[in-house]
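Participant: Provided below: data_29.cif, containing mmCIF, N, CA and C atoms.
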```cif
data_entry
loop_
_atom_site.label_atom_id
_atom_site.label_comp_id
_atom_site.auth_asym_id
_atom_site.auth_seq_id
_atom_site.Cartn_x
_atom_site.Cartn_y
_atom_site.Cartn_z
N MET A 1202 -13.60 -31.96 -29.46
CA MET A 1202 -12.95 -30.75 -29.93
C MET A 1202 -13.57 -29.51 -29.27
N ILE A 1203 -14.90 -29.50 -29.13
CA ILE A 1203 -15.56 -28.36 -28.50
C ILE A 1203 -15.14 -28.24 -27.04
N LYS A 1204 -14.99 -29.38 -26.34
CA LYS A 1204 -14.56 -29.35 -24.95
C LYS A 1204 -13.16 -28.74 -24.83
N ILE A 1205 -12.29 -29.07 -25.75
CA ILE A 1205 -10.93 -28.52 -25.74
C ILE A 1205 -10.98 -27.02 -25.96
N LEU A 1206 -11.79 -26.57 -26.90
CA LEU A 1206 -11.91 -25.13 -27.18
C LEU A 1206 -12.48 -24.40 -25.97
N LYS A 1207 -13.49 -24.97 -25.31
CA LYS A 1207 -14.08 -24.35 -24.13
C LYS A 1207 -13.04 -24.27 -23.01
N PHE A 1208 -12.30 -25.37 -22.79
CA PHE A 1208 -11.27 -25.38 -21.77
C PHE A 1208 -10.22 -24.31 -22.07
N THR A 1209 -9.78 -24.24 -23.31
CA THR A 1209 -8.77 -23.25 -23.70
C THR A 1209 -9.29 -21.83 -23.47
N ALA A 1210 -10.54 -21.58 -23.81
CA ALA A 1210 -11.12 -20.24 -23.63
C ALA A 1210 -11.20 -19.89 -22.14
N VAL A 1211 -11.66 -20.81 -21.31
CA VAL A 1211 -11.76 -20.56 -19.88
C VAL A 1211 -10.37 -20.37 -19.28
N PHE A 1212 -9.41 -21.20 -19.65
CA PHE A 1212 -8.04 -21.09 -19.16
C PHE A 1212 -7.45 -19.73 -19.54
N SER A 1213 -7.68 -19.29 -20.76
CA SER A 1213 -7.17 -17.99 -21.22
C SER A 1213 -7.78 -16.86 -20.41
N LEU A 1214 -9.07 -16.96 -20.09
CA LEU A 1214 -9.72 -15.93 -19.28
C LEU A 1214 -9.15 -15.89 -17.87
N LEU A 1215 -8.89 -17.06 -17.29
CA LEU A 1215 -8.30 -17.11 -15.96
C LEU A 1215 -6.91 -16.48 -15.93
N ILE A 1216 -6.11 -16.76 -16.95
CA ILE A 1216 -4.78 -16.16 -17.03
C ILE A 1216 -4.89 -14.65 -17.19
N ALA A 1217 -5.79 -14.19 -18.03
CA ALA A 1217 -5.98 -12.75 -18.23
C ALA A 1217 -6.45 -12.09 -16.93
N PHE A 1218 -7.37 -12.75 -16.19
CA PHE A 1218 -7.85 -12.20 -14.93
C PHE A 1218 -6.71 -12.10 -13.93
N GLU A 1219 -5.93 -13.14 -13.80
CA GLU A 1219 -4.82 -13.14 -12.85
C GLU A 1219 -3.82 -12.04 -13.19
N ALA A 1220 -3.56 -11.83 -14.46
CA ALA A 1220 -2.59 -10.81 -14.87
C ALA A 1220 -3.07 -9.40 -14.53
N HIS A 1221 -4.39 -9.21 -14.43
CA HIS A 1221 -4.92 -7.88 -14.16
C HIS A 1221 -5.57 -7.77 -12.78
N ALA A 1222 -5.42 -8.79 -11.96
CA ALA A 1222 -6.02 -8.78 -10.63
C ALA A 1222 -5.37 -7.69 -9.78
N ALA A 1223 -6.16 -7.17 -8.87
CA ALA A 1223 -5.69 -6.09 -8.02
C ALA A 1223 -4.78 -6.61 -6.92
N VAL A 1224 -3.98 -5.70 -6.40
CA VAL A 1224 -3.18 -6.00 -5.22
C VAL A 1224 -4.15 -6.13 -4.04
N VAL A 1225 -3.98 -7.17 -3.24
CA VAL A 1225 -4.82 -7.36 -2.07
C VAL A 1225 -4.24 -6.53 -0.93
N ILE A 1226 -5.09 -5.68 -0.35
CA ILE A 1226 -4.67 -4.80 0.74
C ILE A 1226 -5.44 -5.23 1.98
N SER A 1227 -4.70 -5.59 3.05
CA SER A 1227 -5.35 -6.04 4.28
C SER A 1227 -4.66 -5.42 5.49
N ASP A 1228 -5.26 -5.63 6.65
CA ASP A 1228 -4.70 -5.14 7.92
C ASP A 1228 -4.27 -3.68 7.83
N SER A 1229 -5.08 -2.87 7.17
CA SER A 1229 -4.71 -1.47 6.95
C SER A 1229 -5.25 -0.56 8.05
N TRP A 1230 -4.43 0.40 8.44
CA TRP A 1230 -4.84 1.38 9.44
C TRP A 1230 -3.91 2.58 9.43
N VAL A 1231 -4.40 3.67 10.00
CA VAL A 1231 -3.64 4.91 10.14
C VAL A 1231 -3.52 5.19 11.63
N ARG A 1232 -2.34 5.60 12.06
CA ARG A 1232 -2.11 5.91 13.47
C ARG A 1232 -2.75 7.26 13.80
N ALA A 1233 -3.53 7.30 14.88
CA ALA A 1233 -4.13 8.56 15.34
C ALA A 1233 -3.02 9.51 15.79
N VAL A 1234 -3.23 10.80 15.57
CA VAL A 1234 -2.28 11.82 16.03
C VAL A 1234 -3.04 12.93 16.75
N ALA A 1235 -2.34 13.63 17.59
CA ALA A 1235 -2.91 14.73 18.37
C ALA A 1235 -3.03 15.99 17.51
N PRO A 1236 -3.94 16.88 17.88
CA PRO A 1236 -4.02 18.17 17.17
C PRO A 1236 -2.67 18.87 17.20
N GLY A 1237 -2.30 19.46 16.09
CA GLY A 1237 -1.04 20.18 15.99
C GLY A 1237 0.09 19.35 15.40
N GLN A 1238 -0.04 18.03 15.40
CA GLN A 1238 1.02 17.21 14.79
C GLN A 1238 0.92 17.35 13.28
N SER A 1239 2.07 17.43 12.62
CA SER A 1239 2.08 17.63 11.16
C SER A 1239 2.44 16.37 10.38
N VAL A 1240 2.79 15.29 11.10
CA VAL A 1240 3.12 14.04 10.42
C VAL A 1240 2.34 12.88 11.04
N GLY A 1241 2.10 11.87 10.23
CA GLY A 1241 1.41 10.67 10.68
C GLY A 1241 1.95 9.48 9.92
N ALA A 1242 1.36 8.31 10.15
CA ALA A 1242 1.82 7.10 9.49
C ALA A 1242 0.64 6.18 9.19
N ALA A 1243 0.78 5.43 8.11
CA ALA A 1243 -0.23 4.45 7.72
C ALA A 1243 0.47 3.11 7.50
N TYR A 1244 -0.27 2.04 7.79
CA TYR A 1244 0.27 0.69 7.73
C TYR A 1244 -0.71 -0.23 7.02
N MET A 1245 -0.20 -1.30 6.43
CA MET A 1245 -1.04 -2.27 5.74
C MET A 1245 -0.20 -3.45 5.30
N THR A 1246 -0.87 -4.48 4.85
CA THR A 1246 -0.20 -5.62 4.24
C THR A 1246 -0.63 -5.67 2.78
N LEU A 1247 0.35 -5.81 1.89
CA LEU A 1247 0.09 -5.85 0.45
C LEU A 1247 0.47 -7.22 -0.11
N LYS A 1248 -0.36 -7.73 -1.01
CA LYS A 1248 -0.04 -8.98 -1.70
C LYS A 1248 -0.42 -8.79 -3.16
N SER A 1249 0.59 -8.79 -4.01
CA SER A 1249 0.39 -8.58 -5.44
C SER A 1249 0.35 -9.92 -6.17
N PRO A 1250 -0.54 -10.06 -7.16
CA PRO A 1250 -0.58 -11.31 -7.93
C PRO A 1250 0.59 -11.44 -8.90
N LYS A 1251 1.31 -10.34 -9.12
CA LYS A 1251 2.46 -10.36 -10.04
C LYS A 1251 3.51 -9.39 -9.53
N ASP A 1252 4.73 -9.53 -10.01
CA ASP A 1252 5.78 -8.60 -9.62
C ASP A 1252 5.38 -7.19 -10.02
N SER A 1253 5.45 -6.28 -9.06
CA SER A 1253 5.11 -4.88 -9.31
C SER A 1253 5.74 -4.05 -8.21
N SER A 1254 5.42 -2.76 -8.19
CA SER A 1254 5.94 -1.88 -7.15
C SER A 1254 4.87 -0.87 -6.76
N LEU A 1255 4.85 -0.53 -5.48
CA LEU A 1255 4.05 0.60 -5.02
C LEU A 1255 4.90 1.84 -5.30
N VAL A 1256 4.39 2.75 -6.13
CA VAL A 1256 5.22 3.87 -6.57
C VAL A 1256 4.73 5.24 -6.13
N TYR A 1257 3.45 5.33 -5.75
CA TYR A 1257 2.92 6.65 -5.41
C TYR A 1257 1.66 6.49 -4.58
N ILE A 1258 1.45 7.39 -3.62
CA ILE A 1258 0.27 7.36 -2.76
C ILE A 1258 -0.23 8.78 -2.58
N GLU A 1259 -1.55 8.92 -2.59
CA GLU A 1259 -2.17 10.22 -2.33
C GLU A 1259 -3.26 10.06 -1.28
N THR A 1260 -3.49 11.12 -0.51
CA THR A 1260 -4.62 11.20 0.40
C THR A 1260 -4.97 12.66 0.60
N PRO A 1261 -6.26 12.97 0.70
CA PRO A 1261 -6.62 14.36 0.97
C PRO A 1261 -6.26 14.78 2.40
N ALA A 1262 -5.88 13.83 3.26
CA ALA A 1262 -5.54 14.13 4.65
C ALA A 1262 -4.14 14.71 4.81
N ALA A 1263 -3.30 14.61 3.77
CA ALA A 1263 -1.91 15.07 3.89
C ALA A 1263 -1.45 15.74 2.60
N GLY A 1264 -0.50 16.63 2.74
CA GLY A 1264 0.08 17.29 1.58
C GLY A 1264 0.90 16.34 0.74
N THR A 1265 1.61 15.42 1.40
CA THR A 1265 2.48 14.47 0.73
C THR A 1265 2.46 13.14 1.48
N VAL A 1266 2.59 12.05 0.72
CA VAL A 1266 2.75 10.73 1.33
C VAL A 1266 4.03 10.13 0.76
N GLU A 1267 4.89 9.64 1.64
CA GLU A 1267 6.14 9.02 1.21
C GLU A 1267 6.19 7.58 1.72
N ILE A 1268 6.86 6.72 0.97
CA ILE A 1268 7.14 5.36 1.40
C ILE A 1268 8.46 5.41 2.18
N HIS A 1269 8.45 4.89 3.40
CA HIS A 1269 9.66 4.93 4.23
C HIS A 1269 10.04 3.53 4.71
N SER A 1270 11.32 3.35 4.93
CA SER A 1270 11.81 2.16 5.63
C SER A 1270 12.40 2.65 6.95
N MET A 1271 12.36 1.79 7.96
CA MET A 1271 12.92 2.13 9.26
C MET A 1271 13.75 0.95 9.73
N THR A 1272 14.96 1.24 10.17
CA THR A 1272 15.84 0.21 10.69
C THR A 1272 16.52 0.71 11.97
N MET A 1273 16.95 -0.23 12.79
CA MET A 1273 17.72 0.10 13.99
C MET A 1273 19.12 -0.49 13.83
N THR A 1274 20.14 0.35 13.95
CA THR A 1274 21.52 -0.09 13.88
C THR A 1274 22.28 0.54 15.03
N ASN A 1275 22.88 -0.28 15.90
CA ASN A 1275 23.62 0.21 17.06
C ASN A 1275 22.78 1.19 17.88
N ASN A 1276 21.53 0.83 18.14
CA ASN A 1276 20.60 1.66 18.92
C ASN A 1276 20.29 3.01 18.28
N VAL A 1277 20.51 3.12 16.99
CA VAL A 1277 20.18 4.34 16.26
C VAL A 1277 19.12 4.00 15.22
N MET A 1278 17.98 4.71 15.31
CA MET A 1278 16.92 4.49 14.35
C MET A 1278 17.23 5.29 13.09
N LYS A 1279 17.12 4.60 11.94
CA LYS A 1279 17.34 5.25 10.65
C LYS A 1279 16.08 5.10 9.82
N MET A 1280 15.58 6.22 9.34
CA MET A 1280 14.43 6.21 8.47
C MET A 1280 14.86 6.81 7.14
N ARG A 1281 14.43 6.16 6.06
CA ARG A 1281 14.77 6.72 4.76
C ARG A 1281 13.59 6.60 3.80
N LYS A 1282 13.51 7.56 2.93
CA LYS A 1282 12.46 7.60 1.92
C LYS A 1282 12.84 6.64 0.79
N LEU A 1283 11.84 5.87 0.31
CA LEU A 1283 12.04 4.98 -0.83
C LEU A 1283 11.28 5.55 -2.02
N GLU A 1284 11.84 5.42 -3.19
CA GLU A 1284 11.14 5.86 -4.41
C GLU A 1284 10.02 4.89 -4.78
N ALA A 1285 10.19 3.63 -4.42
CA ALA A 1285 9.19 2.60 -4.71
C ALA A 1285 9.39 1.44 -3.74
N LEU A 1286 8.31 0.69 -3.52
CA LEU A 1286 8.38 -0.50 -2.68
C LEU A 1286 8.11 -1.70 -3.57
N PRO A 1287 9.13 -2.52 -3.83
CA PRO A 1287 8.94 -3.70 -4.69
C PRO A 1287 7.97 -4.69 -4.05
N LEU A 1288 7.10 -5.26 -4.87
CA LEU A 1288 6.16 -6.30 -4.44
C LEU A 1288 6.42 -7.52 -5.31
N HIS A 1289 6.69 -8.64 -4.68
CA HIS A 1289 6.98 -9.88 -5.40
C HIS A 1289 5.72 -10.72 -5.47
N ALA A 1290 5.46 -11.30 -6.62
CA ALA A 1290 4.24 -12.06 -6.88
C ALA A 1290 3.95 -13.05 -5.76
N GLY A 1291 2.75 -12.94 -5.18
CA GLY A 1291 2.29 -13.88 -4.17
C GLY A 1291 2.89 -13.73 -2.80
N LYS A 1292 3.83 -12.79 -2.61
CA LYS A 1292 4.51 -12.63 -1.32
C LYS A 1292 3.89 -11.46 -0.56
N LEU A 1293 3.67 -11.66 0.72
CA LEU A 1293 3.14 -10.59 1.56
C LEU A 1293 4.23 -9.56 1.85
N GLU A 1294 3.87 -8.29 1.76
CA GLU A 1294 4.78 -7.21 2.13
C GLU A 1294 4.08 -6.42 3.24
N ASN A 1295 4.64 -6.48 4.44
CA ASN A 1295 4.03 -5.82 5.59
C ASN A 1295 4.58 -4.42 5.78
N LEU A 1296 3.69 -3.47 5.86
CA LEU A 1296 4.02 -2.12 6.25
C LEU A 1296 3.52 -1.99 7.68
N SER A 1297 4.44 -1.88 8.64
CA SER A 1297 4.07 -1.93 10.04
C SER A 1297 5.00 -1.03 10.86
N PRO A 1298 4.57 -0.66 12.07
CA PRO A 1298 5.45 0.15 12.92
C PRO A 1298 6.81 -0.52 13.09
N GLY A 1299 7.86 0.27 12.94
CA GLY A 1299 9.22 -0.25 13.07
C GLY A 1299 9.80 -0.81 11.79
N GLY A 1300 9.06 -0.75 10.69
CA GLY A 1300 9.54 -1.27 9.41
C GLY A 1300 9.10 -0.35 8.28
N PHE A 1301 8.74 -0.94 7.16
CA PHE A 1301 8.20 -0.14 6.06
C PHE A 1301 6.90 0.50 6.52
N HIS A 1302 6.63 1.71 6.07
CA HIS A 1302 5.38 2.39 6.39
C HIS A 1302 5.16 3.54 5.42
N LEU A 1303 3.96 4.08 5.44
CA LEU A 1303 3.66 5.27 4.65
C LEU A 1303 3.71 6.46 5.60
N MET A 1304 4.52 7.45 5.27
CA MET A 1304 4.67 8.64 6.10
C MET A 1304 3.78 9.73 5.51
N LEU A 1305 2.87 10.24 6.33
CA LEU A 1305 1.95 11.30 5.92
C LEU A 1305 2.52 12.62 6.40
N LEU A 1306 2.87 13.50 5.46
CA LEU A 1306 3.50 14.77 5.78
C LEU A 1306 2.54 15.92 5.52
N ASP A 1307 2.71 16.99 6.28
CA ASP A 1307 1.86 18.18 6.13
C ASP A 1307 0.38 17.82 6.29
N LEU A 1308 0.07 17.21 7.44
CA LEU A 1308 -1.32 16.82 7.70
C LEU A 1308 -2.24 18.02 7.63
N LYS A 1309 -3.42 17.81 7.07
CA LYS A 1309 -4.41 18.88 6.92
C LYS A 1309 -5.20 19.09 8.20
N GLY A 1310 -5.13 18.14 9.12
CA GLY A 1310 -5.83 18.22 10.39
C GLY A 1310 -5.48 17.01 11.22
N PRO A 1311 -5.99 16.94 12.46
CA PRO A 1311 -5.68 15.79 13.31
C PRO A 1311 -6.31 14.52 12.76
N LEU A 1312 -5.65 13.41 12.97
CA LEU A 1312 -6.16 12.10 12.60
C LEU A 1312 -6.76 11.50 13.86
N LYS A 1313 -8.10 11.50 13.94
CA LYS A 1313 -8.79 11.09 15.16
C LYS A 1313 -9.20 9.63 15.09
N ALA A 1314 -8.92 8.89 16.16
CA ALA A 1314 -9.32 7.48 16.25
C ALA A 1314 -10.83 7.38 16.04
N GLY A 1315 -11.23 6.38 15.27
CA GLY A 1315 -12.64 6.18 14.96
C GLY A 1315 -13.05 6.77 13.63
N SER A 1316 -12.22 7.67 13.08
CA SER A 1316 -12.48 8.24 11.76
C SER A 1316 -11.85 7.37 10.69
N LYS A 1317 -12.00 7.77 9.44
CA LYS A 1317 -11.41 7.04 8.33
C LYS A 1317 -10.74 8.02 7.37
N VAL A 1318 -9.78 7.49 6.61
CA VAL A 1318 -9.03 8.29 5.63
C VAL A 1318 -9.00 7.56 4.30
N ALA A 1319 -9.26 8.29 3.22
CA ALA A 1319 -9.19 7.73 1.87
C ALA A 1319 -7.77 7.85 1.33
N PHE A 1320 -7.35 6.82 0.59
CA PHE A 1320 -6.04 6.81 -0.06
C PHE A 1320 -6.19 6.32 -1.48
N THR A 1321 -5.32 6.78 -2.36
CA THR A 1321 -5.16 6.22 -3.69
C THR A 1321 -3.74 5.67 -3.75
N LEU A 1322 -3.62 4.37 -3.98
CA LEU A 1322 -2.32 3.73 -4.11
C LEU A 1322 -2.06 3.45 -5.58
N CYS A 1323 -0.88 3.79 -6.06
CA CYS A 1323 -0.51 3.59 -7.47
C CYS A 1323 0.58 2.52 -7.55
N PHE A 1324 0.31 1.53 -8.38
CA PHE A 1324 1.23 0.41 -8.58
C PHE A 1324 1.72 0.40 -10.02
N LYS A 1325 2.98 0.00 -10.21
CA LYS A 1325 3.53 -0.13 -11.56
C LYS A 1325 4.04 -1.55 -11.73
N ASP A 1326 3.63 -2.21 -12.84
CA ASP A 1326 4.08 -3.58 -13.07
C ASP A 1326 5.34 -3.57 -13.94
N LYS A 1327 5.84 -4.76 -14.25
CA LYS A 1327 7.09 -4.88 -15.03
C LYS A 1327 6.97 -4.30 -16.44
N ALA A 1328 5.74 -4.22 -16.96
CA ALA A 1328 5.52 -3.64 -18.29
C ALA A 1328 5.28 -2.13 -18.20
N ASN A 1329 5.53 -1.56 -17.00
CA ASN A 1329 5.34 -0.13 -16.73
C ASN A 1329 3.88 0.32 -16.79
N LYS A 1330 2.95 -0.62 -16.65
CA LYS A 1330 1.53 -0.28 -16.60
C LYS A 1330 1.21 0.19 -15.18
N ILE A 1331 0.57 1.35 -15.09
CA ILE A 1331 0.19 1.92 -13.80
C ILE A 1331 -1.27 1.57 -13.51
N THR A 1332 -1.52 1.10 -12.30
CA THR A 1332 -2.90 0.89 -11.85
C THR A 1332 -3.10 1.64 -10.54
N HIS A 1333 -4.33 2.07 -10.31
CA HIS A 1333 -4.67 2.81 -9.10
C HIS A 1333 -5.70 2.02 -8.31
N GLN A 1334 -5.56 2.04 -7.00
CA GLN A 1334 -6.53 1.41 -6.12
C GLN A 1334 -6.94 2.39 -5.04
N GLU A 1335 -8.24 2.54 -4.88
CA GLU A 1335 -8.79 3.40 -3.85
C GLU A 1335 -9.06 2.56 -2.61
N VAL A 1336 -8.64 3.03 -1.45
CA VAL A 1336 -8.89 2.33 -0.19
C VAL A 1336 -9.28 3.34 0.89
N ILE A 1337 -10.05 2.86 1.84
CA ILE A 1337 -10.44 3.67 3.00
C ILE A 1337 -9.84 2.98 4.22
N LEU A 1338 -9.00 3.69 4.96
CA LEU A 1338 -8.33 3.12 6.12
C LEU A 1338 -8.90 3.70 7.41
N PRO A 1339 -9.11 2.83 8.40
CA PRO A 1339 -9.57 3.32 9.72
C PRO A 1339 -8.41 3.97 10.47
N ILE A 1340 -8.74 4.96 11.27
CA ILE A 1340 -7.73 5.59 12.13
C ILE A 1340 -7.86 4.95 13.52
N LYS A 1341 -6.72 4.48 14.04
CA LYS A 1341 -6.71 3.78 15.34
C LYS A 1341 -5.61 4.33 16.23
N GLU A 1342 -5.79 4.14 17.53
CA GLU A 1342 -4.73 4.44 18.49
C GLU A 1342 -3.67 3.36 18.35
N ALA A 1343 -2.41 3.73 18.55
CA ALA A 1343 -1.33 2.74 18.52
C ALA A 1343 -1.46 1.83 19.72
N ASN A 1344 -1.15 0.56 19.52
CA ASN A 1344 -1.23 -0.41 20.65
C ASN A 1344 0.00 -0.37 21.49
#
```
Hey, can you dump this file as structure tokens for me?

Facilitator:
Amino acid sequence: MIKILKFTAVFSLLIAFEAHAAVVISDSWVRAVAPGQSVGAAYMTLKSPKDSSLVYIETPAAGTVEIHSMTMTNNVMKMRKLEALPLHAGKLENLSPGGFHLMLLDLKGPLKAGSKVAFTLCFKDKANKITHQEVILPIKEAN
């Protein structure tokens, strides 16, 4: 009976941990920009342990950060602002050049390769619980 209770307690803790686990952020970087440019872009791969959405992003490097999608139709590039980026449990969501990305508007200064930028990413789950994650992204030249 004690073994069953211990197993149940450990199992419950694992479920609770998984439900509150952070979104895994990998392959993150910010594109370097020249002095005088007022916009930039950030990229990363997100993997959420549960269905949620990226709903808001802040950085001291820019006045505003927007989530954008980019598509090509009949040789015309279309970029549009998204209110949120859905994340499906266990599925990778790539933010990369030519696709989804974070658009940095009203840059406070040039984004120099070799430097780093702090971001706060805000996620909302199906129960409308908001969580924040702080990340530091390297600034790199585009390949």

Participant: Please measure the separation of atom CA of Gly1241 of chain A and atom CA of Ser1229 of chain A, giving the value in Å to one decimal.

Facilitator: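 Atom CA of Ser1229 of chain A lies at a distance of 14.1 Å from atom CA of Gly1241 of chain A.
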
Participant: Please write the residues picked by the PyMOL selection byres (((chain A and resi 1296 and name CA) around 6) and name CA) on this file as a count of residues only.

Facilitator: 7

Participant: Give me the residues near Ser1270 of chain A as a list in words, where near means some atom within 6 Å (using only N, CA and C atoms) and where sequence neighbours in that chain fewer than 3 positions away do not count.

Facilitator: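 Listing them by chain and then by number gives Lys1279, Met1280, Arg1281, Lys1282, Leu1283, Gly1300, Phe1301 and His1302 of chain A.
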
Participant: Using the chain letters and numbers from the file, which residues does the PyMOL selection byres (((chain A and resi 1343 and name CA) around 12) and name CA) grab, as a list in words?

Facilitator: Trp1230, Val1231, Arg1232, Ala1233, Val1234, Gly1241, Ala1242, Ala1243, Tyr1244, Ser1297, Pro1298, Lys1313, Ala1314, Ile1340, Lys1341, Glu1342 and Asn1344 of chain A

Participant: For the file shown, report as a list in words the outcome of the PyMOL selection byres ((chain A and resi 1254) around 7) at residue level.

Facilitator: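 Here the PyMOL selection byres ((chain A and resi 1254) around 7) matches Asp1252, Ser1253, Leu1255, Val1256, Tyr1257, Ala1285, Leu1286, Pro1287, Leu1288, His1289, Cys1323, Phe1324, Lys1325, Asp1326 and Lys1327 of chain A.
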
Participant: For atom N of Ala1290 of chain A and atom CA of Ile1226 of chain A, quote the distance in Å rounded to one decimal.

Facilitator: 14.1 Å

Participant: Mind checking DSSP for chain A and telling me the strand (DSSP E or B) residues as a PyMOL selection string?

Facilitator: chain A and resi 1225-1232+1240-1248+1253-1259+1263-1274+1277-1283+1286-1288+1293-1296+1302-1308+1317-1326+1331-1341

Participant: If the box runs along x, y and z of the file and leaves 5 Å on each side of segment 1334-1341 of chain A, what are its centre and edge lengths in Å, one decimal, as JSON?

Facilitator:
```
{"center_x": -8.0, "center_y": 3.5, "center_z": 4.6, "size_x": 14.9, "size_y": 14.2, "size_z": 33.2}
```

Participant: How far is it from atom CA of Met1278 of chain A to atom CA of Gln1238 of chain A, in Å with one decimal?

Facilitator: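 Separation of atom CA of Met1278 of chain A and atom CA of Gln1238 of chain A: 20.4 Å.
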
Participant: How would segment 1277-1289 of chain A of the given structure read as a file with N, CA and C atoms, as a short mmCIF file (atom, residue, chain, number, x, y, z; two decimals), in the first residue's frame?

Facilitator:
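Written out: part22.cif:
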```
data_model
loop_
_atom_site.label_atom_id
_atom_site.label_comp_id
_atom_site.auth_asym_id
_atom_site.auth_seq_id
_atom_site.Cartn_x
_atom_site.Cartn_y
_atom_site.Cartn_z
N VAL A 1277 5.18 37.65 -54.98
CA VAL A 1277 4.92 38.82 -54.14
C VAL A 1277 5.03 38.38 -52.69
N MET A 1278 5.92 39.07 -51.95
CA MET A 1278 6.09 38.77 -50.55
C MET A 1278 5.01 39.48 -49.75
N LYS A 1279 4.35 38.72 -48.87
CA LYS A 1279 3.31 39.29 -48.02
C LYS A 1279 3.71 39.06 -46.57
N MET A 1280 3.74 40.13 -45.81
CA MET A 1280 4.02 40.03 -44.39
C MET A 1280 2.81 40.56 -43.65
N ARG A 1281 2.43 39.83 -42.60
CA ARG A 1281 1.30 40.31 -41.81
C ARG A 1281 1.55 40.10 -40.33
N LYS A 1282 1.01 41.00 -39.56
CA LYS A 1282 1.13 40.95 -38.11
C LYS A 1282 0.12 39.93 -37.58
N LEU A 1283 0.57 39.10 -36.62
CA LEU A 1283 -0.31 38.15 -35.95
C LEU A 1283 -0.55 38.62 -34.52
N GLU A 1284 -1.74 38.43 -34.03
CA GLU A 1284 -2.03 38.77 -32.63
C GLU A 1284 -1.41 37.75 -31.67
N ALA A 1285 -1.28 36.52 -32.14
CA ALA A 1285 -0.69 35.45 -31.32
C ALA A 1285 -0.17 34.36 -32.26
N LEU A 1286 0.80 33.60 -31.75
CA LEU A 1286 1.33 32.47 -32.50
C LEU A 1286 0.97 31.21 -31.74
N PRO A 1287 0.06 30.40 -32.27
CA PRO A 1287 -0.33 29.16 -31.58
C PRO A 1287 0.83 28.18 -31.48
N LEU A 1288 0.96 27.55 -30.33
CA LEU A 1288 1.96 26.51 -30.09
C LEU A 1288 1.23 25.25 -29.70
N HIS A 1289 1.47 24.17 -30.42
CA HIS A 1289 0.81 22.90 -30.15
C HIS A 1289 1.73 22.02 -29.32
#
```
